[in-house]
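Novice: Enclosed is the structure file protein29.txt (compact mmCIF, C-alpha atoms).
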```txt
# COMPACT_ATOMS: atom_id res chain seq x y z
CA MET A 1 -1.07 13.21 -1.82
CA THR A 2 -3.50 10.61 -0.62
CA GLY A 3 -3.64 6.87 -0.74
CA ARG A 4 -1.48 4.01 0.45
CA ARG A 5 1.25 4.59 -2.11
CA SER A 6 2.23 8.20 -1.52
CA ARG A 7 4.97 9.35 -3.82
CA SER A 8 5.43 13.02 -2.94
CA GLY A 9 5.94 12.79 0.80
CA PRO A 10 6.70 10.34 3.62
CA SER A 11 4.95 7.00 3.06
CA ARG A 12 3.46 4.57 5.54
CA ARG A 13 6.38 2.16 5.53
CA SER A 14 8.64 2.06 8.60
CA ALA A 15 11.98 3.02 7.06
CA GLN A 16 14.99 3.66 9.25
CA ARG A 17 15.96 7.34 9.17
CA ALA A 18 18.53 9.56 10.86
CA ALA A 19 19.18 13.27 10.75
CA GLY A 20 22.27 14.97 9.46
CA GLY A 21 24.37 14.88 6.30
CA THR A 22 27.91 14.72 5.05
CA SER A 23 30.56 17.25 5.98
CA SER A 24 32.72 16.82 2.90
CA LEU A 25 32.53 15.50 -0.62
CA ARG A 26 34.81 12.57 0.12
CA GLY A 27 32.85 11.52 3.14
CA GLY A 28 29.61 11.94 1.23
CA LEU A 29 30.80 9.98 -1.77
CA ALA A 30 32.14 7.23 0.46
CA LEU A 31 28.75 6.97 2.10
CA VAL A 32 26.99 7.01 -1.27
CA ALA A 33 29.36 4.39 -2.63
CA CYS A 34 28.37 2.04 0.17
CA LEU A 35 24.73 2.92 0.69
CA VAL A 36 23.88 3.38 -2.98
CA LEU A 37 26.53 2.07 -5.34
CA GLY A 38 28.01 -0.57 -3.10
CA LEU A 39 24.75 -1.42 -1.36
CA ALA A 40 24.35 -4.21 -3.83
CA VAL A 41 26.62 -6.33 -1.65
CA GLY A 42 24.28 -5.62 1.25
CA CYS A 43 26.52 -3.10 3.03
CA SER A 44 26.95 -5.69 5.76
CA MET A 45 30.04 -3.82 6.95
CA LEU A 46 27.90 -0.90 8.10
CA PRO A 47 26.86 -0.42 11.73
CA GLY A 48 23.23 -1.04 12.69
CA PRO A 49 20.47 1.24 11.38
CA SER A 50 20.51 3.49 14.45
CA ALA A 51 24.28 4.00 14.26
CA ARG A 52 24.87 4.35 10.51
CA PRO A 53 25.35 7.82 9.02
CA SER A 54 22.32 9.22 7.21
CA HIS A 55 22.13 9.72 3.46
CA PRO A 56 21.53 13.33 2.27
CA LEU A 57 18.41 12.28 0.34
CA GLU A 58 16.71 10.72 3.35
CA ASN A 59 15.65 14.24 4.29
CA PRO A 60 16.50 16.37 1.26
CA PRO A 61 16.07 20.14 1.09
CA PRO A 62 13.28 21.47 -1.13
CA SER A 63 14.23 21.22 -4.80
CA ALA A 64 12.42 21.91 -8.05
CA ASP A 65 14.36 19.01 -9.62
CA LEU A 66 13.74 16.26 -7.04
CA ILE A 67 10.72 14.28 -5.92
CA GLY A 68 10.53 11.84 -3.02
CA ARG A 69 13.20 10.71 -0.60
CA LEU A 70 15.53 7.79 -0.15
CA SER A 71 15.01 5.21 2.59
CA PHE A 72 16.50 1.92 3.71
CA ARG A 73 15.17 -1.37 4.98
CA GLU A 74 16.82 -4.39 6.53
CA ALA A 75 16.32 -7.56 4.50
CA ARG A 76 14.36 -10.39 6.06
CA ALA A 77 14.82 -14.08 5.44
CA GLU A 78 11.52 -14.33 3.54
CA ASP A 79 12.10 -11.35 1.24
CA THR A 80 12.24 -11.55 -2.55
CA PHE A 81 12.62 -8.43 -4.68
CA VAL A 82 9.61 -9.24 -6.87
CA ASP A 83 7.33 -9.17 -3.82
CA LEU A 84 9.30 -6.54 -1.92
CA ALA A 85 8.88 -4.06 -4.78
CA VAL A 86 5.10 -4.23 -4.35
CA GLU A 87 5.38 -3.87 -0.58
CA LEU A 88 7.70 -0.86 -0.83
CA ASP A 89 5.74 0.91 -3.60
CA VAL A 90 8.63 0.84 -6.10
CA GLY A 91 9.30 -1.01 -9.35
CA TYR A 92 11.12 -4.32 -9.52
CA VAL A 93 13.84 -3.24 -11.97
CA GLU A 94 14.61 -0.02 -10.10
CA LEU A 95 14.78 -1.90 -6.78
CA HIS A 96 17.09 -4.51 -8.29
CA ALA A 97 19.30 -1.88 -9.99
CA ALA A 98 19.73 -0.01 -6.71
CA ASN A 99 20.76 -3.29 -5.04
CA SER A 100 22.22 -5.07 -8.04
CA ARG A 101 24.78 -7.18 -6.21
CA MET A 102 22.18 -8.69 -3.90
CA ASP A 103 20.47 -11.96 -4.76
CA PRO A 104 16.94 -10.81 -5.71
CA TRP A 105 15.48 -14.13 -4.62
CA LEU A 106 17.47 -14.59 -1.44
CA PRO A 107 18.86 -11.29 -0.06
CA LYS A 108 20.96 -11.85 3.03
CA ALA A 109 18.89 -11.33 6.16
CA GLY A 110 19.95 -8.12 7.90
CA ALA A 111 21.54 -6.61 4.78
CA LEU A 112 20.60 -2.99 4.12
CA ILE A 113 18.29 -2.61 1.12
CA VAL A 114 18.02 0.78 -0.57
CA VAL A 115 14.44 1.80 -1.34
CA PRO A 116 14.89 3.99 -4.46
CA ASP A 117 12.07 6.45 -3.93
CA ALA A 118 14.00 9.66 -4.66
CA HIS A 119 14.04 10.73 -8.29
CA LEU A 120 15.25 13.63 -10.39
CA LEU A 121 12.56 14.89 -12.73
CA PRO A 122 12.89 14.32 -16.48
CA SER A 123 13.99 17.20 -18.68
CA GLY A 124 11.62 19.25 -20.78
CA PRO A 125 8.26 20.83 -19.97
CA ARG A 126 6.87 19.88 -16.57
CA GLU A 127 3.20 19.67 -17.44
CA GLY A 128 0.56 17.00 -17.69
CA ILE A 129 1.85 13.44 -17.74
CA VAL A 130 5.45 12.60 -18.57
CA ILE A 131 6.25 8.92 -19.06
CA ASN A 132 9.95 8.11 -18.88
CA THR A 133 10.71 4.63 -20.19
CA GLY A 134 14.34 5.27 -19.21
CA ASP A 135 13.58 5.03 -15.48
CA LEU A 136 10.28 3.09 -15.72
CA ARG A 137 8.30 5.90 -14.12
CA LEU A 138 5.31 8.12 -14.82
CA TYR A 139 5.34 11.73 -13.60
CA TRP A 140 2.18 13.76 -13.07
CA PHE A 141 2.51 17.55 -12.89
CA GLY A 142 -0.66 18.88 -11.32
CA ALA A 143 -1.73 21.77 -9.13
CA GLY A 144 -0.65 19.94 -5.97
CA GLY A 145 2.92 19.47 -7.15
CA PRO A 146 4.59 16.59 -9.01
CA ARG A 147 3.88 12.95 -8.25
CA SER A 148 5.70 9.89 -9.50
CA TYR A 149 4.68 6.27 -9.96
CA PRO A 150 6.56 3.13 -11.07
CA ILE A 151 5.27 1.64 -14.32
CA GLY A 152 5.36 -1.55 -16.31
CA ILE A 153 6.41 -1.02 -19.92
CA ALA A 154 6.78 -2.96 -23.16
CA MET A 155 8.41 -6.36 -23.25
CA GLU A 156 11.08 -7.23 -25.81
CA GLY A 157 9.72 -6.93 -29.35
CA PHE A 158 7.19 -4.24 -28.44
CA ALA A 159 7.44 -0.53 -27.66
CA THR A 160 5.49 2.52 -26.57
CA PRO A 161 5.68 5.38 -29.10
CA LYS A 162 7.90 8.31 -28.13
CA GLY A 163 6.53 11.79 -28.51
CA THR A 164 3.43 13.69 -27.48
CA THR A 165 -0.23 12.71 -27.33
CA LYS A 166 -3.10 13.30 -24.91
CA VAL A 167 -5.71 11.56 -22.79
CA VAL A 168 -8.75 11.21 -25.06
CA ARG A 169 -11.07 9.40 -22.63
CA LYS A 170 -11.24 7.71 -19.23
CA LYS A 171 -13.01 4.52 -18.26
CA GLU A 172 -13.66 2.89 -14.92
CA ASN A 173 -14.00 -0.90 -15.08
CA PRO A 174 -12.90 -1.01 -18.73
CA THR A 175 -13.41 -3.95 -21.06
CA TRP A 176 -10.16 -5.37 -22.37
CA TYR A 177 -9.93 -6.13 -26.08
CA PRO A 178 -6.79 -8.26 -26.52
CA THR A 179 -4.72 -7.44 -29.57
CA ALA A 180 -4.29 -9.93 -32.39
CA SER A 181 -0.74 -10.68 -31.20
CA ALA A 182 -1.98 -11.35 -27.67
CA ARG A 183 -4.58 -13.79 -28.95
CA ARG A 184 -2.00 -15.51 -31.14
CA ASP A 185 0.20 -15.99 -28.09
CA ASP A 186 -2.75 -17.15 -26.00
CA PRO A 187 -5.52 -18.69 -28.14
CA THR A 188 -7.69 -19.11 -25.02
CA LEU A 189 -8.19 -15.34 -24.78
CA ALA A 190 -11.65 -14.09 -25.66
CA SER A 191 -12.03 -11.24 -28.13
CA ALA A 192 -13.37 -9.12 -25.25
CA VAL A 193 -12.64 -9.58 -21.54
CA PRO A 194 -15.16 -7.92 -19.21
CA PRO A 195 -14.21 -6.23 -15.93
CA GLY A 196 -13.06 -8.69 -13.31
CA PRO A 197 -10.04 -10.64 -12.05
CA ASP A 198 -9.02 -11.81 -15.54
CA ASN A 199 -8.99 -8.31 -17.04
CA ARG A 200 -5.39 -7.16 -17.47
CA LEU A 201 -6.42 -3.50 -17.59
CA GLY A 202 -7.42 -3.54 -13.96
CA ALA A 203 -10.16 -1.23 -12.71
CA PHE A 204 -9.18 2.06 -14.38
CA ALA A 205 -7.88 3.09 -17.80
CA LEU A 206 -6.77 6.31 -19.49
CA TYR A 207 -7.04 6.03 -23.29
CA LEU A 208 -4.47 7.94 -25.36
CA GLY A 209 -4.55 9.56 -28.77
CA TRP A 210 -2.43 6.65 -29.98
CA PRO A 211 -4.85 3.79 -30.78
CA GLN A 212 -4.32 0.63 -28.70
CA TYR A 213 -2.05 2.40 -26.17
CA LEU A 214 -3.41 2.99 -22.68
CA ILE A 215 -2.32 3.95 -19.18
CA HIS A 216 -4.08 1.44 -16.97
CA GLY A 217 -4.04 -0.69 -13.84
CA THR A 218 -3.30 -4.37 -13.67
CA ASN A 219 -4.54 -7.65 -12.26
CA GLU A 220 -0.93 -8.67 -11.56
CA PRO A 221 0.91 -6.03 -9.49
CA ARG A 222 4.19 -7.96 -9.68
CA GLY A 223 4.43 -6.94 -13.35
CA VAL A 224 4.77 -3.24 -12.46
CA GLY A 225 8.28 -1.89 -12.76
CA ARG A 226 9.10 -4.55 -15.35
CA HIS A 227 8.93 -5.20 -19.10
CA THR A 228 5.56 -6.94 -19.22
CA SER A 229 3.23 -5.18 -21.69
CA ARG A 230 2.76 -4.88 -25.43
CA GLY A 231 3.29 -1.13 -25.25
CA CYS A 232 0.71 0.01 -22.70
CA ILE A 233 1.73 1.61 -19.41
CA ARG A 234 0.78 -0.37 -16.29
CA LEU A 235 0.47 1.05 -12.78
CA TYR A 236 -0.21 -0.45 -9.39
CA PRO A 237 -3.98 -0.61 -8.69
CA GLU A 238 -3.82 2.09 -6.00
CA HIS A 239 -1.72 4.35 -8.22
CA ILE A 240 -4.00 4.21 -11.27
CA GLN A 241 -7.02 4.87 -9.05
CA GLU A 242 -5.32 7.99 -7.70
CA LEU A 243 -4.12 9.16 -11.12
CA PHE A 244 -7.51 8.48 -12.68
CA ALA A 245 -9.14 10.90 -10.23
CA LEU A 246 -6.55 13.61 -10.88
CA VAL A 247 -6.18 13.59 -14.66
CA PRO A 248 -8.83 15.27 -16.84
CA VAL A 249 -9.57 14.29 -20.42
CA GLY A 250 -7.40 16.36 -22.74
CA THR A 251 -4.30 16.17 -20.52
CA LYS A 252 -1.04 16.29 -22.47
CA VAL A 253 1.03 13.10 -22.37
CA ARG A 254 4.71 13.12 -23.30
CA VAL A 255 6.74 9.89 -23.61
CA VAL A 256 10.53 10.16 -23.35
CA HIS A 257 13.44 7.80 -22.84
CA GLU A 258 15.89 9.33 -20.34
CA PRO A 259 17.92 6.80 -18.37
CA VAL A 260 20.26 9.66 -17.36
CA LYS A 261 18.95 12.70 -15.48
CA LEU A 262 20.62 15.70 -13.86
CA GLY A 263 19.28 18.24 -11.37
CA TRP A 264 20.14 20.57 -8.51
CA VAL A 265 19.38 19.76 -4.89
CA GLY A 266 20.52 21.97 -2.01
CA GLY A 267 23.03 23.81 -4.20
CA GLU A 268 24.67 20.59 -5.42
CA LEU A 269 24.40 18.94 -8.83
CA TYR A 270 22.98 15.42 -8.71
CA LEU A 271 23.30 12.69 -11.31
CA GLU A 272 20.86 9.78 -11.64
CA VAL A 273 21.89 6.99 -14.02
CA HIS A 274 19.62 4.04 -14.76
CA PRO A 275 20.44 0.93 -16.78
CA ASP A 276 19.89 1.61 -20.47
CA ALA A 277 17.14 -0.21 -22.38
CA GLN A 278 19.15 -3.40 -23.00
CA GLN A 279 20.65 -3.44 -19.50
CA ALA A 280 17.21 -2.97 -17.91
CA LEU A 281 15.74 -5.78 -20.01
CA ALA A 282 18.62 -8.07 -19.08
CA LEU A 283 18.23 -7.20 -15.40
CA ASP A 284 14.51 -7.94 -15.59
CA GLU A 285 14.90 -11.25 -17.41
CA THR A 286 18.15 -12.65 -16.00
CA GLY A 287 18.74 -10.79 -12.74
CA ARG A 288 22.02 -9.28 -13.93
CA PHE A 289 23.42 -6.79 -16.44
CA GLU A 290 26.80 -5.74 -17.75
CA HIS A 291 27.94 -2.56 -16.01
CA GLY A 292 29.64 0.04 -18.12
CA PRO A 293 30.13 3.80 -18.60
CA VAL A 294 27.54 6.05 -20.26
CA ARG A 295 28.57 7.61 -23.55
CA ASP A 296 28.80 11.39 -23.92
CA LEU A 297 28.08 11.88 -20.23
CA ARG A 298 30.87 14.42 -19.69
CA LYS A 299 29.29 16.80 -22.20
CA ARG A 300 25.89 16.53 -20.53
CA VAL A 301 27.28 17.05 -17.03
CA THR A 302 29.31 20.04 -18.19
CA ALA A 303 26.23 21.65 -19.71
CA ALA A 304 24.15 21.02 -16.59
CA ALA A 305 26.88 22.31 -14.26
CA GLY A 306 27.29 25.57 -16.18
CA ARG A 307 29.37 28.06 -14.19
CA GLU A 308 29.81 25.47 -11.41
CA VAL A 309 31.66 23.00 -13.64
CA ALA A 310 34.89 23.48 -11.67
CA ARG A 311 33.15 21.88 -8.69
CA VAL A 312 32.29 18.66 -10.54
CA ASP A 313 33.87 15.53 -9.09
CA TRP A 314 34.55 13.53 -12.25
CA ASP A 315 35.51 10.39 -10.35
CA GLY A 316 32.04 10.47 -8.78
CA VAL A 317 30.50 10.93 -12.22
CA GLN A 318 32.40 7.91 -13.50
CA ARG A 319 31.32 5.72 -10.58
CA ALA A 320 27.66 6.67 -10.95
CA SER A 321 27.87 6.10 -14.69
CA TYR A 322 29.42 2.66 -14.33
CA GLU A 323 27.10 1.41 -11.60
CA SER A 324 23.82 2.69 -13.13
CA ALA A 325 22.10 2.24 -9.77
CA GLY A 326 19.23 4.58 -10.60
CA VAL A 327 19.73 6.62 -7.40
CA PRO A 328 20.58 10.36 -7.46
CA VAL A 329 24.22 10.96 -6.46
CA SER A 330 25.81 14.34 -5.66
CA ILE A 331 28.64 15.01 -8.11
CA THR A 332 29.84 18.46 -7.03
CA VAL A 333 32.30 19.51 -4.36
CA PRO A 334 30.51 21.71 -1.79
CA ARG A 335 31.71 25.30 -1.84
CA GLU A 336 32.73 25.19 1.82
CA VAL A 337 35.06 22.27 1.08
CA ILE A 338 36.74 24.27 -1.66
CA ARG A 339 37.16 27.29 0.64
CA THR A 340 38.63 25.06 3.37
CA ALA A 341 41.05 23.48 0.92
CA PHE A 342 42.46 26.86 -0.04
```
Would you mind writing the file out in structure tokens?

Specialist:
Amino acid sequence: MTGRRSRSGPSRRSAQRAAGGTSSLRGGLALVACLVLGLAVGCSMLPGPSARPSHPLENPPPSADLIGRLSFREARAEDTFVDLAVELDVGYVELHAANSRMDPWLPKAGALIVVPDAHLLPSGPREGIVINTGDLRLYWFGAGGPRSYPIGIAMEGFATPKGTTKVVRKKENPTWYPTASARRDDPTLASAVPPGPDNRLGAFALYLGWPQYLIHGTNEPRGVGRHTSRGCIRLYPEHIQELFALVPVGTKVRVVHEPVKLGWVGGELYLEVHPDAQQALALDETGRFEHGPVRDLRKRVTAAAGREVARVDWDGVQRASYESAGVPVSITVPREVIRTAF
């Protein structure tokens, strides 16, 4: 993958990394609870970056169900999440969810921030473009392997249709034709906005089979990873430029809503729980959301675990469900731990 915002391999940012993993489920879950679920308080009790234990997803084994890797960054006095999301190539809501107990406008300097750049893939066919409004991400399944990008989605009162469509045309430097509702909200808008700094479509657009719905760039990157559109899908300028070059006209586009995902990584079952639609909107608008368990999760985990269901750590499932941090968490007891126990 090329470009500044690489999603399928190591990126340019200087994240602190260390080798190794966890030797037992309890040790691993304790680490996850601090670095992922409890990181919202800043994990200030942890040793410095060079001394802290590594997270398994900082250098994950190859997996057909996982893309990217987790990393961490020390907060600086000048950081705010809305600007840090752009710098770190992630979405604002997913960054805030992964660090939900931090102050998004004034994170404590030196606190460890989780950069949520490891993601389980959505369920269903892995082809073309899959847009998941449940984790505010777009997934591209091309010949070079999957890629993932944070997206801006519909604000309250608007929505992107769920289902299947396709890319019907592509346009570089598109003209923006504001909808009637947009012009009612802002009477100063012209009926047609030419390419340039005032064009909210940015420099590239993919037009879908659904009239008035596009995948496009933006003239305001801080709106990516948030609820900012009237149903269109917004990407960072570098991301849409990359996607535009990769995606041919006729590509299948599938829109799903999956805030909960499951997948296998290194022989262990991982669970990734994002805030649901109302929680994500509240987090975006107010900086907080009410934590709570996910309904019917036990049935879904049981089905995903299959013959390995006896290895599921249900306490870990409950914690991940309640926190909704949007970071994959291992929820099975490693086989070697079971053998040692008996």

Novice: Find the residue from A:Ile131, A:Val265, A:Leu95, A:Leu189 that sits nearest to Ser324 (chain A); use all atoms listed in the file when measuring.

Specialist: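 For Ser324 (chain A), the nearest of the candidates is A:Leu95.
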
Novice: What does the distance between CA of Leu235 (chain A) and CA of Ile151 (chain A) come to in Å, to one decimal place?

Specialist: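 We find that CA of Leu235 (chain A) and CA of Ile151 (chain A) lie 5.1 Å from each other.
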
Novice: Would you mind telling me which residue in A:Glu87, A:Glu308, A:Asp315, A:Glu220 lies nearest to Glu268 (chain A) when using all atoms listed in the file?

Specialist: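 Counting all atoms listed in the file, the residue closest to Glu268 (chain A) is A:Glu308.
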
Novice: I want to know what sits within 7 Å of Leu214 (chain A), based on only C-alpha atoms, with residues of the same chain fewer than 5 positions away left out; could you give that as a list in words?

Specialist: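 The filter keeps Ala205, Leu206, Tyr207, Leu208, Cys232 and Ile233 of chain A.
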
Novice: Quick one: of A:Asn219, A:Thr164, A:Ser100, A:Ser321, who's nearest to Pro125 (chain A), counting all atoms listed in the file?

Specialist: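 When distances to Pro125 (chain A) are compared using all atoms listed in the file, the smallest one comes from A:Thr164.
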
Novice: So, counting all atoms listed in the file, which residue among A:Asp103, A:Glu127, A:Asp135, A:Glu156 is closest to Pro259 (chain A)?

Specialist: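 Smallest distance to Pro259 (chain A) is found for A:Asp135.
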
Novice: Find the residue from A:Lys170, A:His96, A:Arg52, A:His227 that sits nearest to Phe158 (chain A); use all atoms listed in the file when measuring.

Specialist: A:His227

Novice: Could you tell me which of A:Ala280, A:Val82, A:Leu121, A:Leu57 comes closest to Trp140 (chain A) if we count all atoms listed in the file?

Specialist: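 Once distances to Trp140 (chain A) are computed over all atoms listed in the file, the minimum belongs to A:Leu121.
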
Novice: Can you measure CA of Arg73 (chain A) to CA of Pro328 (chain A) for me? One decimal in Å is fine.

Specialist: 17.9 Å

Novice: Tell me, in Å to one decimal, how far CA of Lys108 (chain A) is from CA of Ala85 (chain A).

Specialist: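 Computing the Euclidean distance for CA of Lys108 (chain A) and CA of Ala85 (chain A) yields 16.4 Å.
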
Novice: Using only C-alpha atoms, which residues sit within 7 Å of Thr228 (chain A) once same-chain residues fewer than 2 positions away are excluded, as a list in words?

Specialist: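 In the requested form, the answer reads Gly152, Ile153, Ala154, Met155, Gly223 and Arg226 of chain A.
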
Novice: Padding 3 Å on each side, edges along x, y and z: where is the centre of the box around the listed atoms of region 124-132 of chain A, and how long are its edges in Å to one decimal? Output it as lines of an AutoDock Vina configuration file.

Specialist:
```
center_x = 6.1
center_y = 14.5
center_z = -18.7
size_x = 17.1
size_y = 18.7
size_z = 10.2
```

Novice: Give me the residues within 10 Å of Lys162 (chain A) as a PyMOL selection string, counting all atoms listed in the file and dropping any in the same chain fewer than 2 places off.

Specialist: chain A and resi 131-133+159-160+164-165+254-257

Novice: Emit the selected residues as a PDB file, in the frame of the given file, including C-alpha atoms.

Specialist:
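Written output follows (out.pdb):
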```
ATOM      1  CA  ILE A 131       6.250   8.920 -19.060  1.00  0.00           C
ATOM      2  CA  ASN A 132       9.950   8.110 -18.880  1.00  0.00           C
ATOM      3  CA  THR A 133      10.710   4.630 -20.190  1.00  0.00           C
ATOM      4  CA  ALA A 159       7.440  -0.530 -27.660  1.00  0.00           C
ATOM      5  CA  THR A 160       5.490   2.520 -26.570  1.00  0.00           C
ATOM      6  CA  THR A 164       3.430  13.690 -27.480  1.00  0.00           C
ATOM      7  CA  THR A 165      -0.230  12.710 -27.330  1.00  0.00           C
ATOM      8  CA  ARG A 254       4.710  13.120 -23.300  1.00  0.00           C
ATOM      9  CA  VAL A 255       6.740   9.890 -23.610  1.00  0.00           C
ATOM     10  CA  VAL A 256      10.530  10.160 -23.350  1.00  0.00           C
ATOM     11  CA  HIS A 257      13.440   7.800 -22.840  1.00  0.00           C
TER      12      HIS A 257
END
```

Novice: Can you pull out the residues contacting Asp296 (chain A)? Cut-off 12 Å, using all atoms listed in the file, and skip same-chain residues under 6 positions away; I want them as a PyMOL selection string.

Specialist: chain A and resi 260+302-303+317-318+321

Novice: Which residues come within 9 Å of Trp264 (chain A), counting only C-alpha atoms, excluding same-chain residues fewer than 6 positions away, as a PyMOL selection string?

Specialist: chain A and resi 63-66+120+270-271+330
